[in-house]
file coords.json (JSON, C-alpha atoms)
[["chain", "number", "residue", "atom", "x", "y", "z"],
["A", 1, "MET", "CA", 11.01, 14.92, -16.51],
["A", 2, "LYS", "CA", 8.29, 17.51, -17.01],
["A", 3, "ASN", "CA", 4.82, 16.50, -18.14],
["A", 4, "ILE", "CA", 4.35, 18.23, -21.52],
["A", 5, "GLU", "CA", 1.05, 18.16, -23.37],
["A", 6, "LEU", "CA", -0.25, 19.98, -26.44],
["A", 7, "ASP", "CA", -3.65, 20.92, -25.09],
["A", 8, "PHE", "CA", -4.20, 24.70, -25.03],
["A", 9, "PHE", "CA", -5.64, 27.08, -27.59],
["A", 10, "PRO", "CA", -4.23, 30.63, -27.95],
["A", 11, "GLY", "CA", -4.26, 32.53, -24.68],
["A", 12, "GLY", "CA", -4.02, 29.30, -22.72],
["A", 13, "VAL", "CA", -7.75, 28.53, -23.02],
["A", 14, "LYS", "CA", -9.44, 25.15, -23.46],
["A", 15, "HIS", "CA", -12.43, 26.11, -25.62],
["A", 16, "CYS", "CA", -12.74, 27.24, -29.23],
["A", 17, "VAL", "CA", -15.85, 28.27, -31.21],
["A", 18, "THR", "CA", -16.03, 28.54, -34.99],
["A", 19, "PHE", "CA", -18.86, 29.00, -37.50],
["A", 20, "SER", "CA", -19.13, 27.98, -41.15],
["A", 21, "TYR", "CA", -21.68, 29.11, -43.78],
["A", 22, "ASP", "CA", -22.12, 28.23, -47.44],
["A", 23, "ASP", "CA", -23.23, 29.88, -50.70],
["A", 24, "ALA", "CA", -22.98, 33.65, -49.95],
["A", 25, "ARG", "CA", -26.74, 34.13, -49.90],
["A", 26, "ILE", "CA", -27.98, 37.69, -49.34],
["A", 27, "GLU", "CA", -28.80, 36.87, -45.71],
["A", 28, "ASP", "CA", -25.04, 36.95, -45.04],
["A", 29, "GLU", "CA", -25.40, 40.73, -45.09],
["A", 30, "ARG", "CA", -27.42, 40.43, -41.90],
["A", 31, "LEU", "CA", -25.53, 37.48, -40.41],
["A", 32, "VAL", "CA", -22.00, 38.88, -40.62],
["A", 33, "PRO", "CA", -22.82, 42.10, -38.70],
["A", 34, "LEU", "CA", -24.35, 39.87, -36.03],
["A", 35, "PHE", "CA", -21.07, 37.95, -35.80],
["A", 36, "ASN", "CA", -19.22, 41.24, -35.48],
["A", 37, "LYS", "CA", -21.58, 42.49, -32.78],
["A", 38, "TYR", "CA", -20.81, 39.48, -30.58],
["A", 39, "GLY", "CA", -17.12, 39.10, -31.43],
["A", 40, "LEU", "CA", -17.57, 35.76, -33.19],
["A", 41, "LYS", "CA", -15.78, 34.54, -36.31],
["A", 42, "GLY", "CA", -17.05, 32.67, -39.33],
["A", 43, "THR", "CA", -15.78, 31.02, -42.47],
["A", 44, "PHE", "CA", -17.83, 31.63, -45.61],
["A", 45, "HIS", "CA", -17.63, 29.05, -48.39],
["A", 46, "ILE", "CA", -18.37, 30.73, -51.70],
["A", 47, "ASN", "CA", -18.66, 29.62, -55.33],
["A", 48, "THR", "CA", -17.75, 31.47, -58.51],
["A", 49, "ASP", "CA", -20.26, 34.09, -59.65],
["A", 50, "GLY", "CA", -22.88, 32.73, -62.07],
["A", 51, "TRP", "CA", -23.06, 29.23, -60.61],
["A", 52, "GLN", "CA", -26.63, 29.81, -59.50],
["A", 53, "ASP", "CA", -27.82, 30.00, -63.11],
["A", 54, "ARG", "CA", -27.37, 26.22, -63.33],
["A", 55, "PHE", "CA", -30.12, 25.48, -60.81],
["A", 56, "ASP", "CA", -33.77, 26.08, -61.71],
["A", 57, "PHE", "CA", -34.93, 25.88, -58.10],
["A", 58, "LEU", "CA", -32.85, 28.96, -57.24],
["A", 59, "LYS", "CA", -34.48, 30.92, -60.05],
["A", 60, "ARG", "CA", -37.91, 29.66, -59.00],
["A", 61, "ASP", "CA", -37.32, 30.77, -55.42],
["A", 62, "ASN", "CA", -35.88, 34.15, -56.51],
["A", 63, "ALA", "CA", -32.77, 33.42, -54.45],
["A", 64, "GLU", "CA", -30.54, 36.43, -53.93],
["A", 65, "PHE", "CA", -26.81, 36.44, -53.35],
["A", 66, "VAL", "CA", -24.21, 38.86, -52.01],
["A", 67, "ASP", "CA", -22.74, 41.00, -54.78],
["A", 68, "PRO", "CA", -19.12, 39.85, -55.28],
["A", 69, "SER", "CA", -17.97, 43.48, -55.13],
["A", 70, "LYS", "CA", -19.01, 43.45, -51.46],
["A", 71, "TYR", "CA", -17.07, 40.34, -50.43],
["A", 72, "HIS", "CA", -13.91, 42.12, -49.35],
["A", 73, "GLU", "CA", -15.69, 44.54, -47.05],
["A", 74, "LEU", "CA", -18.49, 42.28, -45.79],
["A", 75, "TYR", "CA", -16.30, 39.33, -44.84],
["A", 76, "ASP", "CA", -13.42, 41.41, -43.48],
["A", 77, "GLY", "CA", -12.17, 39.83, -40.24],
["A", 78, "HIS", "CA", -13.65, 36.47, -41.22],
["A", 79, "GLU", "CA", -12.53, 33.90, -43.80],
["A", 80, "ILE", "CA", -13.48, 33.47, -47.44],
["A", 81, "SER", "CA", -13.18, 29.84, -48.48],
["A", 82, "CYS", "CA", -13.94, 27.69, -51.53],
["A", 83, "HIS", "CA", -17.16, 25.85, -52.33],
["A", 84, "LEU", "CA", -16.12, 24.91, -55.89],
["A", 85, "ALA", "CA", -16.81, 27.04, -58.94],
["A", 86, "ASN", "CA", -20.20, 25.68, -59.97],
["A", 87, "HIS", "CA", -21.48, 23.96, -56.82],
["A", 88, "PRO", "CA", -21.33, 20.54, -58.53],
["A", 89, "PHE", "CA", -22.13, 17.03, -57.39],
["A", 90, "ILE", "CA", -18.52, 15.94, -56.91],
["A", 91, "HIS", "CA", -19.14, 12.24, -57.41],
["A", 92, "LYS", "CA", -20.42, 12.89, -60.96],
["A", 93, "LEU", "CA", -17.30, 14.66, -62.24],
["A", 94, "PRO", "CA", -14.10, 13.32, -63.84],
["A", 95, "LYS", "CA", -10.86, 14.29, -62.14],
["A", 96, "GLU", "CA", -10.10, 16.87, -64.83],
["A", 97, "SER", "CA", -13.33, 18.71, -63.99],
["A", 98, "LEU", "CA", -12.59, 18.51, -60.26],
["A", 99, "VAL", "CA", -9.23, 20.19, -60.81],
["A", 100, "ASN", "CA", -10.86, 22.92, -62.91],
["A", 101, "GLU", "CA", -13.58, 23.44, -60.28],
["A", 102, "ILE", "CA", -11.13, 24.12, -57.47],
["A", 103, "TYR", "CA", -8.65, 26.17, -59.50],
["A", 104, "LEU", "CA", -11.34, 28.40, -61.00],
["A", 105, "ASN", "CA", -12.97, 28.91, -57.61],
["A", 106, "LYS", "CA", -9.71, 29.56, -55.75],
["A", 107, "SER", "CA", -8.40, 32.01, -58.36],
["A", 108, "TYR", "CA", -11.70, 33.87, -58.53],
["A", 109, "LEU", "CA", -12.00, 34.32, -54.77],
["A", 110, "GLU", "CA", -8.36, 35.32, -54.30],
["A", 111, "LYS", "CA", -8.74, 38.19, -56.76],
["A", 112, "LEU", "CA", -11.67, 39.47, -54.69],
["A", 113, "CYS", "CA", -10.34, 38.96, -51.17],
["A", 114, "GLY", "CA", -6.62, 39.59, -51.75],
["A", 115, "TYR", "CA", -5.19, 36.64, -49.80],
["A", 116, "PRO", "CA", -4.54, 32.93, -50.41],
["A", 117, "VAL", "CA", -7.75, 30.91, -50.14],
["A", 118, "ARG", "CA", -6.79, 27.63, -48.51],
["A", 119, "GLY", "CA", -9.93, 25.77, -47.44],
["A", 120, "MET", "CA", -13.32, 24.63, -48.69],
["A", 121, "SER", "CA", -16.56, 22.86, -47.95],
["A", 122, "TYR", "CA", -17.98, 20.11, -50.13],
["A", 123, "PRO", "CA", -21.06, 21.14, -52.18],
["A", 124, "PHE", "CA", -24.09, 19.12, -51.11],
["A", 125, "GLY", "CA", -21.81, 17.45, -48.57],
["A", 126, "TRP", "CA", -20.56, 15.01, -51.21],
["A", 127, "ALA", "CA", -16.93, 13.89, -51.17],
["A", 128, "THR", "CA", -14.91, 11.06, -52.68],
["A", 129, "ASP", "CA", -11.44, 9.74, -51.90],
["A", 130, "GLU", "CA", -10.25, 10.92, -55.32],
["A", 131, "ALA", "CA", -11.65, 14.42, -54.84],
["A", 132, "GLU", "CA", -10.19, 14.69, -51.36],
["A", 133, "LYS", "CA", -6.68, 13.98, -52.68],
["A", 134, "LEU", "CA", -7.04, 16.24, -55.71],
["A", 135, "PHE", "CA", -8.27, 19.20, -53.69],
["A", 136, "TYR", "CA", -5.44, 18.78, -51.20],
["A", 137, "TYR", "CA", -2.83, 18.81, -53.97],
["A", 138, "CYS", "CA", -4.53, 21.87, -55.45],
["A", 139, "GLY", "CA", -3.90, 23.87, -52.29],
["A", 140, "MET", "CA", -6.81, 23.05, -50.01],
["A", 141, "GLU", "CA", -5.68, 22.54, -46.41],
["A", 142, "TYR", "CA", -9.07, 21.51, -45.05],
["A", 143, "ALA", "CA", -12.54, 20.59, -46.30],
["A", 144, "ARG", "CA", -15.73, 20.55, -44.26],
["A", 145, "ASN", "CA", -18.51, 18.06, -44.84],
["A", 146, "VAL", "CA", -22.05, 18.15, -43.43],
["A", 147, "THR", "CA", -21.95, 15.04, -41.26],
["A", 148, "SER", "CA", -22.60, 16.57, -37.86],
["A", 149, "CYS", "CA", -20.84, 14.81, -35.00],
["A", 150, "PRO", "CA", -22.01, 16.03, -31.56],
["A", 151, "TYR", "CA", -18.51, 15.87, -30.15],
["A", 152, "PHE", "CA", -16.01, 18.61, -29.35],
["A", 153, "GLY", "CA", -12.81, 16.97, -30.54],
["A", 154, "LEU", "CA", -10.27, 18.37, -32.98],
["A", 155, "PRO", "CA", -10.25, 17.21, -36.61],
["A", 156, "THR", "CA", -8.06, 14.22, -37.34],
["A", 157, "ASN", "CA", -8.52, 14.27, -41.12],
["A", 158, "TYR", "CA", -8.51, 17.90, -42.16],
["A", 159, "MET", "CA", -9.98, 17.01, -45.57],
["A", 160, "GLN", "CA", -13.00, 15.38, -43.92],
["A", 161, "TRP", "CA", -13.71, 17.88, -41.18],
["A", 162, "GLU", "CA", -16.94, 17.00, -39.39],
["A", 163, "PRO", "CA", -18.78, 19.90, -37.71],
["A", 164, "THR", "CA", -20.29, 19.53, -34.26],
["A", 165, "CYS", "CA", -23.80, 20.46, -35.36],
["A", 166, "HIS", "CA", -26.06, 22.62, -37.49],
["A", 167, "HIS", "CA", -26.92, 25.99, -35.96],
["A", 168, "ASP", "CA", -30.51, 24.84, -35.36],
["A", 169, "ASP", "CA", -29.19, 22.36, -32.78],
["A", 170, "ALA", "CA", -26.37, 24.41, -31.30],
["A", 171, "LYS", "CA", -28.07, 25.92, -28.24],
["A", 172, "LYS", "CA", -28.72, 22.54, -26.65],
["A", 173, "TYR", "CA", -24.98, 21.73, -26.63],
["A", 174, "ILE", "CA", -23.69, 24.94, -25.02],
["A", 175, "GLU", "CA", -24.05, 23.85, -21.40],
["A", 176, "TYR", "CA", -22.34, 20.53, -22.05],
["A", 177, "PHE", "CA", -19.57, 22.25, -24.02],
["A", 178, "TYR", "CA", -18.63, 24.44, -21.08],
["A", 179, "GLN", "CA", -19.44, 22.23, -18.11],
["A", 180, "SER", "CA", -18.25, 18.79, -19.14],
["A", 181, "GLU", "CA", -14.92, 17.70, -17.69],
["A", 182, "MET", "CA", -14.65, 14.76, -20.05],
["A", 183, "ILE", "CA", -11.95, 14.56, -22.66],
["A", 184, "PRO", "CA", -10.95, 16.10, -25.01],
["A", 185, "LYS", "CA", -9.22, 18.82, -23.04],
["A", 186, "MET", "CA", -9.12, 21.12, -26.07],
["A", 187, "LYS", "CA", -12.78, 21.48, -27.00],
["A", 188, "LEU", "CA", -13.86, 22.72, -30.41],
["A", 189, "PHE", "CA", -17.48, 23.73, -31.00],
["A", 190, "TYR", "CA", -17.95, 23.83, -34.79],
["A", 191, "ILE", "CA", -21.34, 25.19, -35.93],
["A", 192, "TRP", "CA", -22.40, 25.25, -39.58],
["A", 193, "GLY", "CA", -25.38, 26.20, -41.72],
["A", 194, "HIS", "CA", -26.74, 28.41, -44.49],
["A", 195, "SER", "CA", -27.84, 31.95, -43.80],
["A", 196, "TYR", "CA", -30.93, 31.55, -46.05],
["A", 197, "GLU", "CA", -32.23, 29.04, -43.50],
["A", 198, "ILE", "CA", -32.61, 31.94, -41.06],
["A", 199, "ASN", "CA", -35.78, 33.03, -42.81],
["A", 200, "THR", "CA", -38.06, 34.37, -40.04],
["A", 201, "GLU", "CA", -37.66, 36.96, -37.31],
["A", 202, "GLU", "CA", -38.10, 34.17, -34.79],
["A", 203, "LYS", "CA", -35.08, 32.38, -36.26],
["A", 204, "TRP", "CA", -33.02, 35.57, -36.23],
["A", 205, "ALA", "CA", -33.92, 36.02, -32.57],
["A", 206, "TYR", "CA", -32.75, 32.44, -31.96],
["A", 207, "MET", "CA", -29.43, 33.19, -33.66],
["A", 208, "GLU", "CA", -28.92, 36.29, -31.54],
["A", 209, "GLU", "CA", -29.60, 34.28, -28.39],
["A", 210, "LEU", "CA", -27.13, 31.63, -29.56],
["A", 211, "PHE", "CA", -24.44, 34.21, -30.30],
["A", 212, "SER", "CA", -25.01, 36.02, -27.02],
["A", 213, "SER", "CA", -24.67, 32.76, -25.08],
["A", 214, "LEU", "CA", -21.32, 31.96, -26.72],
["A", 215, "SER", "CA", -19.74, 35.41, -26.86],
["A", 216, "ASN", "CA", -17.36, 37.41, -24.67],
["A", 217, "ARG", "CA", -16.00, 34.48, -22.69],
["A", 218, "GLU", "CA", -12.45, 34.70, -21.39],
["A", 219, "ASP", "CA", -12.13, 30.91, -21.57],
["A", 220, "THR", "CA", -12.85, 30.75, -25.31],
["A", 221, "TRP", "CA", -10.88, 31.40, -28.48],
["A", 222, "TYR", "CA", -13.05, 32.61, -31.40],
["A", 223, "ALA", "CA", -11.48, 31.61, -34.70],
["A", 224, "THR", "CA", -12.07, 30.99, -38.39],
["A", 225, "ASN", "CA", -11.57, 27.52, -39.84],
["A", 226, "ILE", "CA", -8.15, 28.33, -41.30],
["A", 227, "GLU", "CA", -6.96, 29.96, -38.07],
["A", 228, "ILE", "CA", -7.67, 26.68, -36.29],
["A", 229, "ILE", "CA", -5.78, 24.68, -38.92],
["A", 230, "ASP", "CA", -2.82, 27.08, -38.75],
["A", 231, "TYR", "CA", -2.70, 26.82, -34.97],
["A", 232, "LEU", "CA", -2.88, 23.01, -34.94],
["A", 233, "ASN", "CA", -0.12, 22.85, -37.54],
["A", 234, "ALA", "CA", 2.03, 25.25, -35.53],
["A", 235, "MET", "CA", 1.47, 23.15, -32.43],
["A", 236, "LYS", "CA", 2.63, 20.04, -34.28],
["A", 237, "SER", "CA", 5.71, 21.88, -35.53],
["A", 238, "LEU", "CA", 7.19, 22.54, -32.07],
["A", 239, "LYS", "CA", 10.65, 21.02, -31.59],
["A", 240, "PHE", "CA", 11.48, 19.57, -28.16],
["A", 241, "THR", "CA", 14.75, 18.31, -26.78],
["A", 242, "GLN", "CA", 14.63, 14.65, -25.78],
["A", 243, "ASP", "CA", 14.54, 15.49, -22.07],
["A", 244, "LEU", "CA", 11.62, 17.93, -22.67],
["A", 245, "GLU", "CA", 13.54, 20.73, -20.98],
["A", 246, "THR", "CA", 13.67, 23.01, -24.02],
["A", 247, "VAL", "CA", 11.34, 23.78, -26.91],
["A", 248, "TYR", "CA", 11.76, 25.73, -30.15],
["A", 249, "ASN", "CA", 8.85, 27.27, -32.07],
["A", 250, "PRO", "CA", 9.80, 27.66, -35.77],
["A", 251, "CYS", "CA", 6.38, 29.05, -36.75],
["A", 252, "ALA", "CA", 5.08, 32.58, -37.22],
["A", 253, "ILE", "CA", 2.52, 32.37, -34.40],
["A", 254, "SER", "CA", 2.69, 31.73, -30.67],
["A", 255, "VAL", "CA", 1.67, 28.33, -29.32],
["A", 256, "TRP", "CA", 0.47, 27.53, -25.81],
["A", 257, "ILE", "CA", 1.45, 24.21, -24.27],
["A", 258, "SER", "CA", 0.81, 22.51, -20.95],
["A", 259, "VAL", "CA", 3.82, 22.18, -18.65],
["A", 260, "ASP", "CA", 2.91, 20.19, -15.55],
["A", 261, "GLY", "CA", -0.71, 21.22, -16.13],
["A", 262, "LYS", "CA", -0.08, 24.96, -16.51],
["A", 263, "PRO", "CA", -0.33, 26.95, -19.78],
["A", 264, "VAL", "CA", 2.99, 28.21, -21.14],
["A", 265, "GLU", "CA", 3.32, 30.43, -24.20],
["A", 266, "VAL", "CA", 6.04, 29.63, -26.72],
["A", 267, "LYS", "CA", 6.38, 32.68, -28.94],
["A", 268, "SER", "CA", 7.15, 32.72, -32.63],
["A", 269, "GLY", "CA", 10.83, 31.91, -33.19],
["A", 270, "GLU", "CA", 11.45, 31.40, -29.49],
["A", 271, "LEU", "CA", 13.85, 28.86, -28.00],
["A", 272, "LYS", "CA", 12.39, 28.40, -24.55],
["A", 273, "LYS", "CA", 13.65, 26.69, -21.43],
["A", 274, "LEU", "CA", 10.74, 24.92, -19.76]]
call {"tool": "encode", "arguments": {"input": "coords.json", "output": "structure tokens"}}
result
Amino acid sequence: MKNIELDFFPGGVKHCVTFSYDDARIEDERLVPLFNKYGLKGTFHINTDGWQDRFDFLKRDNAEFVDPSKYHELYDGHEISCHLANHPFIHKLPKESLVNEIYLNKSYLEKLCGYPVRGMSYPFGWATDEAEKLFYYCGMEYARNVTSCPYFGLPTNYMQWEPTCHHDDAKKYIEYFYQSEMIPKMKLFYIWGHSYEINTEEKWAYMEELFSSLSNREDTWYATNIEIIDYLNAMKSLKFTQDLETVYNPCAISVWISVDGKPVEVKSGELKKL
């Protein structure tokens, strides 16, 4: 019997890098072109326009935000994701308000980006068991928190997705990410932050060094958050015969599996003899 394992990203690679940023601050207009320059992908968690009027500290700091009319063009090739309509403290809201927060946010963003918005990050990093369930039943397929876990494993609970680290700490993990032979075999480097935190030229230079160090690697898949979720779901959907001699892929995307240690592509709709 063949040794079959589900342990390759698209292209038969072992590494994946993804970025995640919140709030659509005006600095995204500099950050996104930097992603594009280095062939990286990000997910941008955005609220509903006008939410910032609720917070005096944003007015005091003269915080600026990307004009919603620019979302479609600016974030093209990346992912627009929810951050709830009014950036609330989730634990303070009744369930009726939680439902309204996600529906208003999802509907608003979908009208601007033109595709189903299927993921989110928790405002202020707060989450509750009740909110997690409600958001899932309202169409959210993943939710990122802010509890960094310096580990390169895949998410086990998609509604409590822990990033690897904040971008300020990311450079120190690059060597270990690529050189370590320890498990997991599929290594995910998930970097998160806020673009307004990149507030000096020195910090922008740091970000460019970080991006340059991670980019253009043949052993790495660069993906948005939802692309990772879609791929993991497709991988789990493969149908094998009991003797592991044949596999069927019912999904719309190709999946790479390990057959006796070697990557094998199973194309969309393919019934493949292994």
call {"tool": "closest_residue", "arguments": {"input": "coords.json", "among": "A:Pro163, A:Asp168, A:Lys2, A:Gly11", "to": "Glu265 (chain A)", "atoms": "only C-alpha atoms"}}
result
A:Gly11
call {"tool": "atom_distance", "arguments": {"input": "coords.json", "atom1": "CA of Pro68 (chain A)", "atom2": "CA of Leu109 (chain A)"}}
result
9.0 Å
call {"tool": "atom_distance", "arguments": {"input": "coords.json", "atom1": "CA of Ser212 (chain A)", "atom2": "CA of Lys171 (chain A)"}}
result
10.6 Å
call {"tool": "atom_distance", "arguments": {"input": "coords.json", "atom1": "CA of Ser81 (chain A)", "atom2": "CA of Arg118 (chain A)"}}
result
6.8 Å
call {"tool": "closest_atom_pairs", "arguments": {"input": "coords.json", "of": "region 49-133 of chain A", "to": "region 196-207 of chain A", "cutoff": "12 Å", "atoms": "only C-alpha atoms", "output": "Markdown table"}}
result
| residue | atom | partner | partner_atom | distance |
| --- | --- | --- | --- | --- |
| A:Leu58 | CA | A:Tyr196 | CA | 11.6 |
| A:Asp61 | CA | A:Tyr196 | CA | 11.4 |
| A:Asn62 | CA | A:Tyr196 | CA | 11.9 |
| A:Ala63 | CA | A:Tyr196 | CA | 8.8 |
| A:Glu64 | CA | A:Tyr196 | CA | 9.3 |
| A:Phe65 | CA | A:Tyr196 | CA | 9.7 |
| A:Val66 | CA | A:Tyr196 | CA | 11.6 |
call {"tool": "residues_around", "arguments": {"input": "coords.json", "residues": "Leu134 (chain A)", "least_positions_apart": "4", "cutoff": "8 Å", "atoms": "only C-alpha atoms", "output": "number ranges by chain"}}
result
A: 95, 98-99, 130, 138
call {"tool": "residues_around", "arguments": {"input": "coords.json", "residues": "Phe152 (chain A)", "least_positions_apart": "6", "cutoff": "6 Å", "atoms": "all atoms listed in the file", "output": "ChimeraX atom specification"}}
result
/A:187-189
call {"tool": "write_last_selection", "arguments": {"input": "coords.json", "atoms": "C-alpha atoms", "output": "PDB file, keeping the file's coordinate frame"}}
result
ATOM      1  CA  LYS A 187     -12.780  21.480 -27.000  1.00  0.00           C
ATOM      2  CA  LEU A 188     -13.860  22.720 -30.410  1.00  0.00           C
ATOM      3  CA  PHE A 189     -17.480  23.730 -31.000  1.00  0.00           C
TER       4      PHE A 189
END
call {"tool": "axis_aligned_box", "arguments": {"input": "coords.json", "around": "region 26-34 of chain A", "padding_each_side": "6 Å", "output": "lines of an AutoDock Vina configuration file"}}
result
center_x = -25.4
center_y = 39.5
center_z = -42.7
size_x = 18.8
size_y = 17.2
size_z = 25.3
call {"tool": "residues_around", "arguments": {"input": "coords.json", "residues": "Leu40 (chain A)", "least_positions_apart": "3", "cutoff": "9 Å", "atoms": "all atoms listed in the file", "output": "PDB file with C-alpha atoms, in the coordinates of the input"}}
result
ATOM      1  CA  VAL A  17     -15.850  28.270 -31.210  1.00  0.00           C
ATOM      2  CA  THR A  18     -16.030  28.540 -34.990  1.00  0.00           C
ATOM      3  CA  PHE A  19     -18.860  29.000 -37.500  1.00  0.00           C
ATOM      4  CA  LEU A  34     -24.350  39.870 -36.030  1.00  0.00           C
ATOM      5  CA  PHE A  35     -21.070  37.950 -35.800  1.00  0.00           C
ATOM      6  CA  ASN A  36     -19.220  41.240 -35.480  1.00  0.00           C
ATOM      7  CA  LYS A  37     -21.580  42.490 -32.780  1.00  0.00           C
ATOM      8  CA  HIS A  78     -13.650  36.470 -41.220  1.00  0.00           C
ATOM      9  CA  PHE A 211     -24.440  34.210 -30.300  1.00  0.00           C
ATOM     10  CA  LEU A 214     -21.320  31.960 -26.720  1.00  0.00           C
ATOM     11  CA  SER A 215     -19.740  35.410 -26.860  1.00  0.00           C
ATOM     12  CA  ASN A 216     -17.360  37.410 -24.670  1.00  0.00           C
ATOM     13  CA  TYR A 222     -13.050  32.610 -31.400  1.00  0.00           C
ATOM     14  CA  ALA A 223     -11.480  31.610 -34.700  1.00  0.00           C
ATOM     15  CA  THR A 224     -12.070  30.990 -38.390  1.00  0.00           C
TER      16      THR A 224
END
call {"tool": "residues_around", "arguments": {"input": "coords.json", "residues": "Trp126 (chain A)", "least_positions_apart": "4", "cutoff": "10 Å", "atoms": "only C-alpha atoms", "output": "list of chain:residue names"}}
result
A:Pro88, A:Phe89, A:Ile90, A:His91, A:Lys92, A:Ser121, A:Tyr122, A:Ala131, A:Asn145, A:Val146
call {"tool": "write_last_selection", "arguments": {"input": "coords.json", "atoms": "C-alpha atoms", "output": "short mmCIF file (atom, residue, chain, number, x, y, z; two decimals), in the coordinates of the input"}}
result
data_model
loop_
_atom_site.label_atom_id
_atom_site.label_comp_id
_atom_site.auth_asym_id
_atom_site.auth_seq_id
_atom_site.Cartn_x
_atom_site.Cartn_y
_atom_site.Cartn_z
CA PRO A 88 -21.33 20.54 -58.53
CA PHE A 89 -22.13 17.03 -57.39
CA ILE A 90 -18.52 15.94 -56.91
CA HIS A 91 -19.14 12.24 -57.41
CA LYS A 92 -20.42 12.89 -60.96
CA SER A 121 -16.56 22.86 -47.95
CA TYR A 122 -17.98 20.11 -50.13
CA ALA A 131 -11.65 14.42 -54.84
CA ASN A 145 -18.51 18.06 -44.84
CA VAL A 146 -22.05 18.15 -43.43
#
call {"tool": "closest_residue", "arguments": {"input": "coords.json", "among": "A:Glu27, A:Pro10, A:Ile102, A:Lys59", "to": "Asp230 (chain A)", "atoms": "only C-alpha atoms"}}
result
A:Pro10
call {"tool": "closest_residue", "arguments": {"input": "coords.json", "among": "A:Ser195, A:Phe135, A:Ile4, A:Asp67", "to": "Asn100 (chain A)", "atoms": "only C-alpha atoms"}}
result
A:Phe135
